[in-house]
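Engineer: Got a structure for you, written out below as structure tokens; questions coming shortly.
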Amino acid sequence: MLSSLFDLWKQDPETAPNFAAWRTTPARAAQTHPLPTDLPAPLRETLSTRNIHSLYSHQLGAWNQTRAGKNIILATGTASGKTLAYNLPVLASMLQNHEARALYLFPTKALAQDQLSTLSNLKPDTWNLTPAIYDGDTSQSQRPAIRRNARIVLSNPDMLHTGILPHHANWSDFFSNLKFVVIDEAHTYRGVFGSHVANVIRRLKRVANFYGAKPQFILASATIGNPKELAEKLIEEPVELIDNDGSSRGERHFIIYNPPVTDAALGLRKSALLESVRLANHLLARNIQSVVFARTRRSVEMILTYLQGGNQNAIFDTRKSNNELSNIGSSIRGYRSGYLPAQRREIEQGLRDGSVKTVVATTALELGIDIGGLGAAILVGYPGTIASARQQSGRAGRGDDPAVSVLVASPNPLDQFLAHHPDYFFGRSPEQALVNPNHLLVLLEHLRCAMFELPFQQGESFGSLSWELIKEYLHFLLSNNEAHFSNSKYYWMQDAYPAANISLRSASPQSFILQATTADGRPSTIGTVDGESASWMIHPGAIYMHEAQQYFVQELDLENHVAQLVPVGLDYYTEAQQQSDIQILSVNEGSVAKGCEKGYGEIQVTTQVVGFRKIRWFTNENLGQEPLDMPPSQLQTTGYWLTLAEATLSHLREAGTWSNDPNDYGPEWPKIRLAVRKRDQFKCQVCGAVETAREHDVHHKTPFRAFIQNGVIQREQANRLENLTTLCSGCHKKVEQNVRIRSGLAGLGFVLGNLAPLFLMCDPRDLGIYSEPAWPAVDGKPSVVLYDLVPAGIGFSQRLFEIHDELIQRAFELVSQCECEDGCPSCVGPGGENGHGGRQETLAILKEISLS
């Protein structure tokens, strides 16, 4: 089937010209070895019933090292048999020691469910191993029996953090006999999340030690640049690396597809999302089971809608019953966070039994859930890292069957850079996963949790940290009346339960429950949204999408964390608009660079959702904007900034390439303004609102700055009465959004923010971008700020400060080589539907501050 598809793609004039790269990896034979002689007979018999008579080389390596008492990390490809590699030594040990217990940790509940199914196939009950899941979905009535009887407990770091360690007295038998801790998908424990998890592991080892246990660790990871280093940072013990992947593999094709240019002058390309839908339909038509990876929950629902609907009329025909719509898309499903557990299990089963032909997913399906052997994977946009790109593409193909993965490049500058330099993509090694368990705020939070679990003994260390350092933190907690010192011990003194208020994954408050009304009027919970996303995803008036069904958000109850939704069939979706303000709290370092000053330090970011746009499906037409009054959120983090020097500004002004100074409408402007408002009878010419206490605005239909010629503004032309109209403040904001001139400074922020992840090896969503022509934090100077979108920062800003020159140089190369005339999504960003871009201005700034 794939060969006929390849023939179509290579001959199709809509598709063939857009392949930026096509790399083929030949099939690979398995490297196998006989089953080890010391494998217990019950395990040997069970493997035989599953037709397993040998082990891959990495599976045998894992067996030998763990049997020798070593901690190990398995770092091999997707579907290479890592699960069997870590199950065998654990089960063998438990068969030989009937009191032994094991804890399996997975980053998601879905993985725990999947691995329980895998374990069950090995018939552990016949050996009295009693595996059980203990997570947030486990009913209260089942929990006591699991604590007493389960010898293999499958959970996640969040539950270990909040539901097991703080209540370790209820788990005394389990901890006393804890022999193994398995940490699957270890590559996901990086950044802030990984820093938290490393501290949870410190707490786990501390509690186990209290009960006299010293568990052995087995970690499994996708391919990353530093698996051994990451594992040793997470568990703070020596680890043996096993990366000799001995599994077989069929022929693999990896394609970079760059959608065609539709407007060369504006640099606009066909939508990556819609082109992905077109390619997915080709796969669907040939009955090739596939996964489509999208970057966001919203993108998942949009792609799902397009695939299930097929055309606009089908999507928005509200006469169709729910059953009819369900039948249309029964073989096409979405998969992302926010879906209820039962929905996710149903979709996973559908992928395994073949009833689901196409699944559209976020990174929630990137991990090693057993979904059978898919024939294809489509990546809608570069996922941000080489490791993620390999992991997502690895979901296609199993064993000796051929498979194809297609990366559909978005207009994002990073995607376009890789599409035009594919060797840079194929030649790079996977990135390193970075963690910092000694991050000040993270460490302090977990010391509170550890003290709640067990008093700190004077002289006691915490993980690799010495008593001398820990003592300083404990004294801080003493001074804050959170701890009490007595009989050489430090006791937790607060009534609060510290772990309950600490999220391992974000600084976000608790999730919001999404309640919808069914056809018969009954309330129904359709999913959840994390607190951090609530203000922009489920604000009043938002269109929330779930399984391709549209819901209109009637109410967002911020106090009770509930959103009320009603199902609708509308021809538009919504996009929230946010405003940010940044203050510098402290400067860690600053210096003069060419044409500017650079610095990094502690900042406070205040963000507020101030409105939302309605955008028509298929045409992307802007149907208008609605204001919102949502409470602001604050983030204290670290930022890197560059501030243009006065000499640079002088050069730009002299060349007429600086448009961020306030507009000077001339001395006659007050009279002209009054004349326009009188002519328009003091009414808004869009909505008809009459002036009240606040005077209406007078708006230039063709932007004032469009009349700059050779650095001189032609005021008389700009201020002609026929070019002016009266607008109320609300309508003025809407019009300015539609017709705006992107300044060079905004373009600089756009290109730097989109290129930075290439050097940081982070997800683009880990960074915030802010540009301000008169930033009060630096005496009103024009500045661009890139900042860590995590509390207290994780080190990105300092790194950007250090590589400032290289980042500016790369930005200069990208903008100067772009083929657009005036700015586009692939360089400095578009100006707006009827506006102007800022490519020439941005290029002028980059020439002033780059070293070339």
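Naming works like this for the structure tokens: A, B, ... for the chains as they're shown, residue 1 at the start of each chain, ligands 1 onward in shown order.
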Range 244-478 of chain A: which residues are helix (DSSP H, G or I) by DSSP, as a ChimeraX atom specification?
Structural biologist: /A:272-285,297-309,312-316,322-328,341-353,363-365,386-393,413-420,422-427,440-453,467-478
Engineer: Would you pick out the contacts of Ile347 in chain A at 12 Å or less, using only C-alpha atoms, so that residues sharing its chain but fewer than 6 positions from it are not included, and give the list as a PyMOL selection string?
Structural biologist: chain A and resi 110+291+330-336+339-341+353-361+365+369-371+547
Engineer: Okay, now the selection with N, CA, C and O atoms, as a short mmCIF file (atom, residue, chain, number, x, y, z; two decimals), in the first residue's frame?
Structural biologist:
```
data_model
loop_
_atom_site.label_atom_id
_atom_site.label_comp_id
_atom_site.auth_asym_id
_atom_site.auth_seq_id
_atom_site.Cartn_x
_atom_site.Cartn_y
_atom_site.Cartn_z
N ALA A 110 -2.36 6.88 31.10
CA ALA A 110 -2.59 6.00 29.95
C ALA A 110 -1.50 4.94 29.85
O ALA A 110 -1.76 3.77 29.56
N VAL A 291 -1.15 8.10 12.41
CA VAL A 291 -1.31 9.08 13.48
C VAL A 291 -0.89 10.44 12.95
O VAL A 291 0.10 10.56 12.22
N SER A 330 -16.23 7.61 13.03
CA SER A 330 -15.93 6.54 13.97
C SER A 330 -14.53 5.97 13.78
O SER A 330 -13.93 5.47 14.73
N SER A 331 -14.00 6.03 12.56
CA SER A 331 -12.65 5.51 12.33
C SER A 331 -11.59 6.59 12.45
O SER A 331 -10.42 6.34 12.26
N ILE A 332 -12.00 7.83 12.73
CA ILE A 332 -11.09 8.97 12.88
C ILE A 332 -11.31 9.56 14.27
O ILE A 332 -12.40 10.05 14.56
N ARG A 333 -10.31 9.50 15.12
CA ARG A 333 -10.50 9.94 16.50
C ARG A 333 -9.40 10.91 16.91
O ARG A 333 -8.31 10.93 16.33
N GLY A 334 -9.70 11.70 17.92
CA GLY A 334 -8.72 12.58 18.52
C GLY A 334 -8.17 11.95 19.78
O GLY A 334 -8.79 11.06 20.38
N TYR A 335 -7.00 12.41 20.23
CA TYR A 335 -6.39 11.88 21.45
C TYR A 335 -5.52 12.97 22.04
O TYR A 335 -4.54 13.38 21.44
N ARG A 336 -5.92 13.46 23.22
CA ARG A 336 -5.16 14.53 23.85
C ARG A 336 -5.53 14.59 25.32
O ARG A 336 -6.47 13.93 25.78
N TYR A 339 -9.30 14.62 27.56
CA TYR A 339 -10.27 13.55 27.32
C TYR A 339 -10.40 12.72 28.59
O TYR A 339 -9.43 12.54 29.33
N LEU A 340 -11.58 12.19 28.83
CA LEU A 340 -11.79 11.39 30.01
C LEU A 340 -11.12 10.02 29.84
O LEU A 340 -10.94 9.54 28.71
N PRO A 341 -10.74 9.35 30.94
CA PRO A 341 -10.02 8.07 30.84
C PRO A 341 -10.72 7.03 29.97
O PRO A 341 -10.08 6.34 29.19
N ASP A 353 -7.09 -2.78 17.62
CA ASP A 353 -7.90 -3.74 16.85
C ASP A 353 -8.16 -3.28 15.42
O ASP A 353 -8.79 -3.99 14.63
N GLY A 354 -7.70 -2.06 15.05
CA GLY A 354 -7.81 -1.60 13.68
C GLY A 354 -9.07 -0.84 13.35
O GLY A 354 -9.22 -0.34 12.23
N SER A 355 -10.00 -0.71 14.30
CA SER A 355 -11.24 0.01 14.01
C SER A 355 -11.01 1.50 13.89
O SER A 355 -11.77 2.20 13.22
N VAL A 356 -9.97 2.02 14.54
CA VAL A 356 -9.57 3.42 14.36
C VAL A 356 -8.47 3.46 13.32
O VAL A 356 -7.40 2.88 13.51
N LYS A 357 -8.75 4.12 12.20
CA LYS A 357 -7.79 4.17 11.10
C LYS A 357 -6.85 5.37 11.20
O LYS A 357 -5.69 5.30 10.81
N THR A 358 -7.38 6.48 11.69
CA THR A 358 -6.57 7.70 11.82
C THR A 358 -6.81 8.30 13.20
O THR A 358 -7.96 8.49 13.60
N VAL A 359 -5.74 8.58 13.91
CA VAL A 359 -5.86 9.25 15.20
C VAL A 359 -5.09 10.56 15.12
O VAL A 359 -3.98 10.61 14.59
N VAL A 360 -5.72 11.64 15.60
CA VAL A 360 -5.09 12.96 15.63
C VAL A 360 -4.75 13.24 17.08
O VAL A 360 -5.63 13.23 17.95
N ALA A 361 -3.47 13.48 17.36
CA ALA A 361 -3.03 13.49 18.76
C ALA A 361 -2.05 14.61 19.04
O ALA A 361 -1.38 15.12 18.13
N LEU A 365 0.24 11.03 22.84
CA LEU A 365 0.39 9.73 22.19
C LEU A 365 1.82 9.51 21.72
O LEU A 365 2.12 8.52 21.06
N ILE A 369 2.78 4.02 24.49
CA ILE A 369 1.56 3.24 24.60
C ILE A 369 1.51 2.25 23.45
O ILE A 369 1.80 2.59 22.31
N ASP A 370 1.12 1.01 23.74
CA ASP A 370 1.04 -0.01 22.70
C ASP A 370 -0.19 0.25 21.85
O ASP A 370 -1.32 0.00 22.28
N ILE A 371 0.01 0.78 20.66
CA ILE A 371 -1.11 1.06 19.76
C ILE A 371 -0.96 0.27 18.47
O ILE A 371 -1.51 0.62 17.43
N GLU A 547 -13.53 16.28 20.58
CA GLU A 547 -13.92 15.21 19.65
C GLU A 547 -14.67 15.77 18.45
O GLU A 547 -15.66 15.24 17.99
#
```
Engineer: Go through A:Pro791, A:Gly749, A:Gly463, A:Pro773 one by one, measure the shortest atom-to-atom distance of each to Gln604 in chain A using only C-alpha atoms, and give the residue with the smallest value.
Structural biologist: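 Checking each of A:Pro791, A:Gly749, A:Gly463, A:Pro773 against Gln604 in chain A, counting only C-alpha atoms, the winner is A:Pro791.
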Engineer: Check which residues of range 348-426 of chain A sit at most 12 Å from range 244-250 of chain A using only C-alpha atoms, and return one row each with the closest pair of atoms and their distance in Å to one decimal, ordered by chain and rising number, as JSON lines.
Structural biologist:
```
{"residue": "A:Gly373", "atom": "CA", "partner": "A:Gly250", "partner_atom": "CA", "distance": 11.3}
{"residue": "A:Gly375", "atom": "CA", "partner": "A:Gly250", "partner_atom": "CA", "distance": 10.9}
{"residue": "A:Gly394", "atom": "CA", "partner": "A:Arg249", "partner_atom": "CA", "distance": 10.7}
{"residue": "A:Ala396", "atom": "CA", "partner": "A:Gly250", "partner_atom": "CA", "distance": 10.5}
{"residue": "A:Gly397", "atom": "CA", "partner": "A:Gly250", "partner_atom": "CA", "distance": 7.3}
{"residue": "A:Arg398", "atom": "CA", "partner": "A:Arg249", "partner_atom": "CA", "distance": 6.9}
{"residue": "A:Gly399", "atom": "CA", "partner": "A:Arg249", "partner_atom": "CA", "distance": 5.0}
{"residue": "A:Asp400", "atom": "CA", "partner": "A:Gly250", "partner_atom": "CA", "distance": 3.8}
{"residue": "A:Asp401", "atom": "CA", "partner": "A:Gly250", "partner_atom": "CA", "distance": 4.9}
{"residue": "A:Pro402", "atom": "CA", "partner": "A:Gly250", "partner_atom": "CA", "distance": 4.8}
{"residue": "A:Ala403", "atom": "CA", "partner": "A:Gly250", "partner_atom": "CA", "distance": 7.4}
{"residue": "A:Val404", "atom": "CA", "partner": "A:Gly250", "partner_atom": "CA", "distance": 10.5}
```
Engineer: When you look at Val197 in chain A with a cut-off of 8 Å (counting only C-alpha atoms), what residues show up, excluding the ones that are within fewer than 5 positions of it in the same chain? I need them as a PyMOL selection string.
Structural biologist: chain A and resi 157+189+234+504
Engineer: Dump N, CA and C atoms for the selected residues as an mmCIF file, in the first residue's frame?
Structural biologist:
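Everything below was put into part.cif:
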```cif
data_model
loop_
_atom_site.group_PDB
_atom_site.id
_atom_site.type_symbol
_atom_site.label_atom_id
_atom_site.label_comp_id
_atom_site.auth_asym_id
_atom_site.auth_seq_id
_atom_site.Cartn_x
_atom_site.Cartn_y
_atom_site.Cartn_z
ATOM 1 N N PRO A 157 4.565 9.955 38.884
ATOM 2 C CA PRO A 157 5.255 10.798 39.872
ATOM 3 C C PRO A 157 4.298 11.693 40.664
ATOM 4 N N TYR A 189 11.277 13.439 31.746
ATOM 5 C CA TYR A 189 11.567 14.110 33.013
ATOM 6 C C TYR A 189 12.721 15.087 32.825
ATOM 7 N N LEU A 234 18.639 12.040 37.922
ATOM 8 C CA LEU A 234 17.328 11.748 38.485
ATOM 9 C C LEU A 234 17.421 10.918 39.761
ATOM 10 N N LEU A 504 3.836 19.254 40.057
ATOM 11 C CA LEU A 504 5.117 18.843 39.478
ATOM 12 C C LEU A 504 5.283 19.354 38.063
#
```
Engineer: Give me the residues within 12 Å of range 269-274 of chain A as a JSON list (two decimals) with N, CA and C atoms, in the first residue's frame, counting only C-alpha atoms and dropping any in the same chain fewer than 4 places off.
Structural biologist:
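Wrote it out as result_39.json, contents follow:
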```
[["chain", "number", "residue", "atom", "x", "y", "z"],
["A", 14, "GLU", "N", 0.44, 18.43, -7.26],
["A", 14, "GLU", "CA", 0.13, 19.19, -6.04],
["A", 14, "GLU", "C", 1.07, 18.82, -4.90],
["A", 15, "THR", "N", 1.71, 17.67, -5.01],
["A", 15, "THR", "CA", 2.49, 17.15, -3.88],
["A", 15, "THR", "C", 3.98, 17.07, -4.17],
["A", 18, "ASN", "N", 6.85, 19.70, -3.52],
["A", 18, "ASN", "CA", 6.96, 20.26, -2.17],
["A", 18, "ASN", "C", 7.80, 19.42, -1.23],
["A", 256, "ILE", "N", 10.45, 15.48, 4.61],
["A", 256, "ILE", "CA", 10.14, 16.86, 5.01],
["A", 256, "ILE", "C", 9.35, 17.49, 3.87],
["A", 257, "TYR", "N", 8.13, 17.88, 4.17],
["A", 257, "TYR", "CA", 7.21, 18.42, 3.16],
["A", 257, "TYR", "C", 6.98, 19.90, 3.48],
["A", 258, "ASN", "N", 7.29, 20.76, 2.51],
["A", 258, "ASN", "CA", 7.13, 22.21, 2.71],
["A", 258, "ASN", "C", 5.98, 22.70, 1.83],
["A", 259, "PRO", "N", 4.85, 23.08, 2.43],
["A", 259, "PRO", "CA", 3.70, 23.51, 1.64],
["A", 259, "PRO", "C", 4.07, 24.59, 0.64],
["A", 260, "PRO", "N", 3.43, 24.61, -0.54],
["A", 260, "PRO", "CA", 3.82, 25.54, -1.59],
["A", 260, "PRO", "C", 3.49, 26.99, -1.25],
["A", 261, "VAL", "N", 4.24, 27.91, -1.83],
["A", 261, "VAL", "CA", 4.00, 29.34, -1.67],
["A", 261, "VAL", "C", 2.78, 29.73, -2.49],
["A", 262, "THR", "N", 1.86, 30.45, -1.86],
["A", 262, "THR", "CA", 0.66, 30.91, -2.58],
["A", 262, "THR", "C", 0.75, 32.38, -2.95],
["A", 263, "ASP", "N", 1.57, 33.15, -2.23],
["A", 263, "ASP", "CA", 1.76, 34.57, -2.53],
["A", 263, "ASP", "C", 3.23, 34.89, -2.30],
["A", 264, "ALA", "N", 3.97, 34.95, -3.38],
["A", 264, "ALA", "CA", 5.41, 35.14, -3.26],
["A", 264, "ALA", "C", 5.76, 36.48, -2.63],
["A", 265, "ALA", "N", 4.98, 37.52, -2.96],
["A", 265, "ALA", "CA", 5.27, 38.85, -2.43],
["A", 265, "ALA", "C", 5.13, 38.89, -0.91],
["A", 278, "ARG", "N", -4.86, 16.93, 3.94],
["A", 278, "ARG", "CA", -4.88, 16.37, 2.59],
["A", 278, "ARG", "C", -4.04, 15.09, 2.51],
["A", 279, "LEU", "N", -2.84, 15.12, 3.10],
["A", 279, "LEU", "CA", -1.99, 13.93, 3.09],
["A", 279, "LEU", "C", -2.60, 12.81, 3.93],
["A", 280, "ALA", "N", -3.22, 13.18, 5.05],
["A", 280, "ALA", "CA", -3.87, 12.17, 5.90],
["A", 280, "ALA", "C", -5.02, 11.50, 5.16],
["A", 281, "ASN", "N", -5.74, 12.27, 4.34],
["A", 281, "ASN", "CA", -6.82, 11.69, 3.55],
["A", 281, "ASN", "C", -6.28, 10.70, 2.51],
["A", 292, "VAL", "N", -1.67, 11.46, 13.29],
["A", 292, "VAL", "CA", -1.34, 12.84, 12.92],
["A", 292, "VAL", "C", -1.04, 13.58, 14.22],
["A", 293, "PHE", "N", 0.21, 14.05, 14.36],
["A", 293, "PHE", "CA", 0.61, 14.77, 15.57],
["A", 293, "PHE", "C", 0.46, 16.27, 15.36],
["A", 294, "ALA", "N", -0.30, 16.91, 16.23],
["A", 294, "ALA", "CA", -0.47, 18.36, 16.19],
["A", 294, "ALA", "C", 0.15, 18.96, 17.44],
["A", 295, "ARG", "N", 0.48, 20.25, 17.38],
["A", 295, "ARG", "CA", 1.20, 20.88, 18.49],
["A", 295, "ARG", "C", 0.31, 21.21, 19.67],
["A", 296, "THR", "N", -0.97, 21.53, 19.41],
["A", 296, "THR", "CA", -1.84, 22.02, 20.48],
["A", 296, "THR", "C", -3.16, 21.27, 20.48],
["A", 298, "ARG", "N", -6.04, 22.67, 20.46],
["A", 298, "ARG", "CA", -6.92, 23.31, 19.49],
["A", 298, "ARG", "C", -6.66, 22.76, 18.08],
["A", 299, "SER", "N", -5.38, 22.61, 17.73],
["A", 299, "SER", "CA", -5.05, 22.09, 16.40],
["A", 299, "SER", "C", -5.58, 20.67, 16.22],
["A", 300, "VAL", "N", -5.51, 19.85, 17.28],
["A", 300, "VAL", "CA", -6.06, 18.50, 17.21],
["A", 300, "VAL", "C", -7.53, 18.54, 16.82],
["A", 301, "GLU", "N", -8.29, 19.40, 17.49],
["A", 301, "GLU", "CA", -9.72, 19.46, 17.23],
["A", 301, "GLU", "C", -10.02, 20.04, 15.85],
["A", 302, "MET", "N", -9.21, 20.99, 15.39],
["A", 302, "MET", "CA", -9.43, 21.54, 14.05],
["A", 302, "MET", "C", -9.17, 20.49, 12.98],
["A", 303, "ILE", "N", -8.06, 19.75, 13.10],
["A", 303, "ILE", "CA", -7.75, 18.71, 12.13],
["A", 303, "ILE", "C", -8.82, 17.63, 12.16],
["A", 304, "LEU", "N", -9.23, 17.26, 13.36],
["A", 304, "LEU", "CA", -10.27, 16.25, 13.51],
["A", 304, "LEU", "C", -11.56, 16.68, 12.82],
["A", 305, "THR", "N", -11.90, 17.95, 12.96],
["A", 305, "THR", "CA", -13.11, 18.47, 12.33],
["A", 305, "THR", "C", -13.01, 18.39, 10.81],
["A", 306, "TYR", "N", -11.87, 18.79, 10.27],
["A", 306, "TYR", "CA", -11.68, 18.74, 8.83],
["A", 306, "TYR", "C", -11.73, 17.30, 8.32],
["A", 307, "LEU", "N", -11.06, 16.37, 9.02],
["A", 307, "LEU", "CA", -11.02, 14.99, 8.57],
["A", 307, "LEU", "C", -12.38, 14.32, 8.66],
["A", 310, "GLY", "N", -14.99, 16.45, 6.14],
["A", 310, "GLY", "CA", -14.77, 16.33, 4.71],
["A", 310, "GLY", "C", -15.04, 17.60, 3.95],
["A", 360, "VAL", "N", -5.72, 11.64, 15.60],
["A", 360, "VAL", "CA", -5.09, 12.96, 15.63],
["A", 360, "VAL", "C", -4.75, 13.24, 17.08],
["A", 378, "ILE", "N", 2.20, 11.60, 10.59],
["A", 378, "ILE", "CA", 2.32, 12.94, 10.03],
["A", 378, "ILE", "C", 2.54, 13.91, 11.19],
["A", 379, "LEU", "N", 3.61, 14.70, 11.09],
["A", 379, "LEU", "CA", 3.93, 15.68, 12.12],
["A", 379, "LEU", "C", 3.55, 17.06, 11.58],
["A", 380, "VAL", "N", 2.54, 17.67, 12.16],
["A", 380, "VAL", "CA", 2.08, 18.99, 11.69],
["A", 380, "VAL", "C", 2.95, 20.05, 12.35],
["A", 381, "GLY", "N", 4.05, 20.39, 11.70],
["A", 381, "GLY", "CA", 5.00, 21.33, 12.25],
["A", 381, "GLY", "C", 6.08, 20.60, 13.04],
["A", 382, "TYR", "N", 7.27, 21.18, 13.06],
["A", 382, "TYR", "CA", 8.40, 20.63, 13.81],
["A", 382, "TYR", "C", 8.06, 20.64, 15.29],
["A", 406, "VAL", "N", 6.05, 11.90, 7.87],
["A", 406, "VAL", "CA", 6.09, 13.13, 7.09],
["A", 406, "VAL", "C", 6.06, 14.31, 8.05],
["A", 407, "LEU", "N", 7.09, 15.13, 8.02],
["A", 407, "LEU", "CA", 7.10, 16.39, 8.76],
["A", 407, "LEU", "C", 6.61, 17.49, 7.83],
["A", 408, "VAL", "N", 5.43, 18.03, 8.10],
["A", 408, "VAL", "CA", 4.86, 19.09, 7.29],
["A", 408, "VAL", "C", 5.27, 20.42, 7.92],
["A", 409, "ALA", "N", 6.12, 21.15, 7.24],
["A", 409, "ALA", "CA", 6.68, 22.39, 7.80],
["A", 409, "ALA", "C", 5.62, 23.47, 7.89],
["A", 410, "SER", "N", 5.59, 24.17, 9.00],
["A", 410, "SER", "CA", 4.72, 25.32, 9.17],
["A", 410, "SER", "C", 5.46, 26.57, 8.69],
["A", 411, "PRO", "N", 4.79, 27.73, 8.65],
["A", 411, "PRO", "CA", 5.50, 28.95, 8.24],
["A", 411, "PRO", "C", 6.48, 29.45, 9.29],
["A", 412, "ASN", "N", 6.48, 28.83, 10.46],
["A", 412, "ASN", "CA", 7.37, 29.25, 11.53],
["A", 412, "ASN", "C", 8.81, 29.33, 11.03],
["A", 415, "ASP", "N", 10.80, 26.10, 11.39],
["A", 415, "ASP", "CA", 10.41, 25.07, 10.42],
["A", 415, "ASP", "C", 11.01, 25.36, 9.04],
["A", 416, "GLN", "N", 10.93, 26.63, 8.64],
["A", 416, "GLN", "CA", 11.44, 27.00, 7.32],
["A", 416, "GLN", "C", 12.96, 26.87, 7.25],
["A", 617, "TRP", "N", -14.13, 29.27, 9.78],
["A", 617, "TRP", "CA", -13.51, 28.03, 9.30],
["A", 617, "TRP", "C", -13.22, 28.13, 7.81],
["A", 618, "PHE", "N", -12.18, 27.44, 7.37],
["A", 618, "PHE", "CA", -11.77, 27.27, 5.98],
["A", 618, "PHE", "C", -11.19, 28.56, 5.37],
["A", 619, "THR", "N", -11.91, 29.71, 5.52],
["A", 619, "THR", "CA", -11.44, 30.94, 4.88],
["A", 619, "THR", "C", -10.51, 31.73, 5.78],
["A", 620, "ASN", "N", -10.52, 31.46, 7.11],
["A", 620, "ASN", "CA", -9.74, 32.21, 8.10],
["A", 620, "ASN", "C", -10.12, 33.69, 8.14],
["A", 820, "CYS", "N", 10.44, 36.88, 0.62],
["A", 820, "CYS", "CA", 9.27, 37.77, 0.64],
["A", 820, "CYS", "C", 9.71, 39.22, 0.45],
["A", 824, "CYS", "N", 6.91, 38.16, 6.33],
["A", 824, "CYS", "CA", 5.99, 37.03, 6.22],
["A", 824, "CYS", "C", 6.13, 36.15, 7.45],
["A", 825, "PRO", "N", 5.26, 35.13, 7.59],
["A", 825, "PRO", "CA", 5.35, 34.27, 8.78],
["A", 825, "PRO", "C", 6.65, 33.50, 8.89],
["A", 826, "SER", "N", 7.42, 33.45, 7.79],
["A", 826, "SER", "CA", 8.67, 32.70, 7.82],
["A", 826, "SER", "C", 9.88, 33.55, 8.21],
["A", 830, "PRO", "N", 3.79, 38.43, 9.66],
["A", 830, "PRO", "CA", 2.95, 39.23, 8.77],
["A", 830, "PRO", "C", 2.49, 40.52, 9.43]]
```
Engineer: Would you please work out which residue, of A:Ala576, A:Leu514, A:Leu434, A:Ala92, is nearest to Gln554 in chain A when using only C-alpha atoms?
Structural biologist: A:Leu514
Engineer: Determine which residues of range 544-686 of chain A DSSP labels as strand (DSSP E) from the backbone of this structure, then write them out as a PyMOL selection string.
Structural biologist: chain A and resi 544-546+549-557+562-568+572-593+596-616+622-627+633-644
Engineer: Using only C-alpha atoms for the distances, tell me which of A:Leu447, A:Asn480, A:Val529, A:Ser771 is nearest to Asp581 in chain A.
Structural biologist: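 Selected residue with least distance to Asp581 in chain A: A:Ser771.
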Engineer: Rank A:Thr525, A:Ser783, A:Gln681, A:Asn51 by their smallest atom-to-atom distance to His546 in chain A, using only C-alpha atoms, and report the top residue only.
Structural biologist: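 Among the listed residues, the smallest separation from His546 in chain A belongs to A:Thr525.
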Engineer: May I have the residues within 9 Å of Tyr665 in chain A as a list in words, using only C-alpha atoms and disregarding those fewer than 6 positions away in the same chain?
Structural biologist: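 Contacts, with the query itself left out: Phe704, Arg715, Ala718 and Asn719 of chain A.
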Engineer: Do you know which residues are at most 12 Å from Asp664 in chain A counting only C-alpha atoms, after dropping those on the same chain fewer than 2 positions away, and could you put them as a list in words?
Structural biologist: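 Skipping anything fewer than 2 positions along the chain leaves Ser659, Asn660, Asp661, Pro662, Gly666, Pro667, Glu668, Trp669, Pro670, Phe704, Arg705, Ile708, Val712, Ile713, Gln714, Arg715, Ala718 and Asn719 of chain A.
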Engineer: Okay, now the selection with C-alpha atoms, as a CSV table (one decimal), in the first residue's frame?
Structural biologist:
```
chain,number,residue,atom,x,y,z
A,659,SER,CA,8.7,53.7,12.8
A,660,ASN,CA,8.3,53.3,16.5
A,661,ASP,CA,8.5,56.9,17.5
A,662,PRO,CA,5.2,58.5,18.4
A,666,GLY,CA,1.3,68.2,12.9
A,667,PRO,CA,0.2,71.4,14.6
A,668,GLU,CA,-3.2,71.4,12.8
A,669,TRP,CA,-4.2,68.0,14.1
A,670,PRO,CA,-6.6,69.2,16.9
A,704,PHE,CA,-0.2,57.4,8.9
A,705,ARG,CA,3.2,55.7,8.6
A,708,ILE,CA,6.7,58.1,4.9
A,712,VAL,CA,9.8,62.3,5.6
A,713,ILE,CA,6.1,62.0,6.5
A,714,GLN,CA,3.7,63.5,4.0
A,715,ARG,CA,1.3,64.9,6.5
A,718,ALA,CA,-2.0,61.4,5.4
A,719,ASN,CA,-4.4,63.9,7.0
```
Engineer: What lies within 12 Å of Ser464 in chain A using only C-alpha atoms, ignoring chain neighbours under 6 positions off, as a list in words?
Structural biologist: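 Once the adjacent positions are removed, what remains is Ala198, Asn199, Ile201, Arg202, Arg203, Lys205, Arg206, Glu232, Lys233, Leu234, Ile235, Glu236, Glu237, Pro437, Asn438 and Ile470 of chain A.
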Engineer: Just give me the gap between CA of Ile849 in chain A and CA of Asn754 in chain A in Å, one decimal is fine.
Structural biologist: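 Going from CA of Ile849 in chain A over to CA of Asn754 in chain A covers 18.1 Å.
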Engineer: Quote the spacing between CA of Glu695 in chain A and CA of Cys728 in chain A in Å to one decimal place.
Structural biologist: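 Taking CA of Glu695 in chain A and CA of Cys728 in chain A, their separation equals 8.1 Å.
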Engineer: A:Cys827, A:Leu443, A:Leu745, A:Leu652: which is nearest Glu848 in chain A, counting only C-alpha atoms?
Structural biologist: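 So, comparing all the options, the nearest one is A:Leu652.
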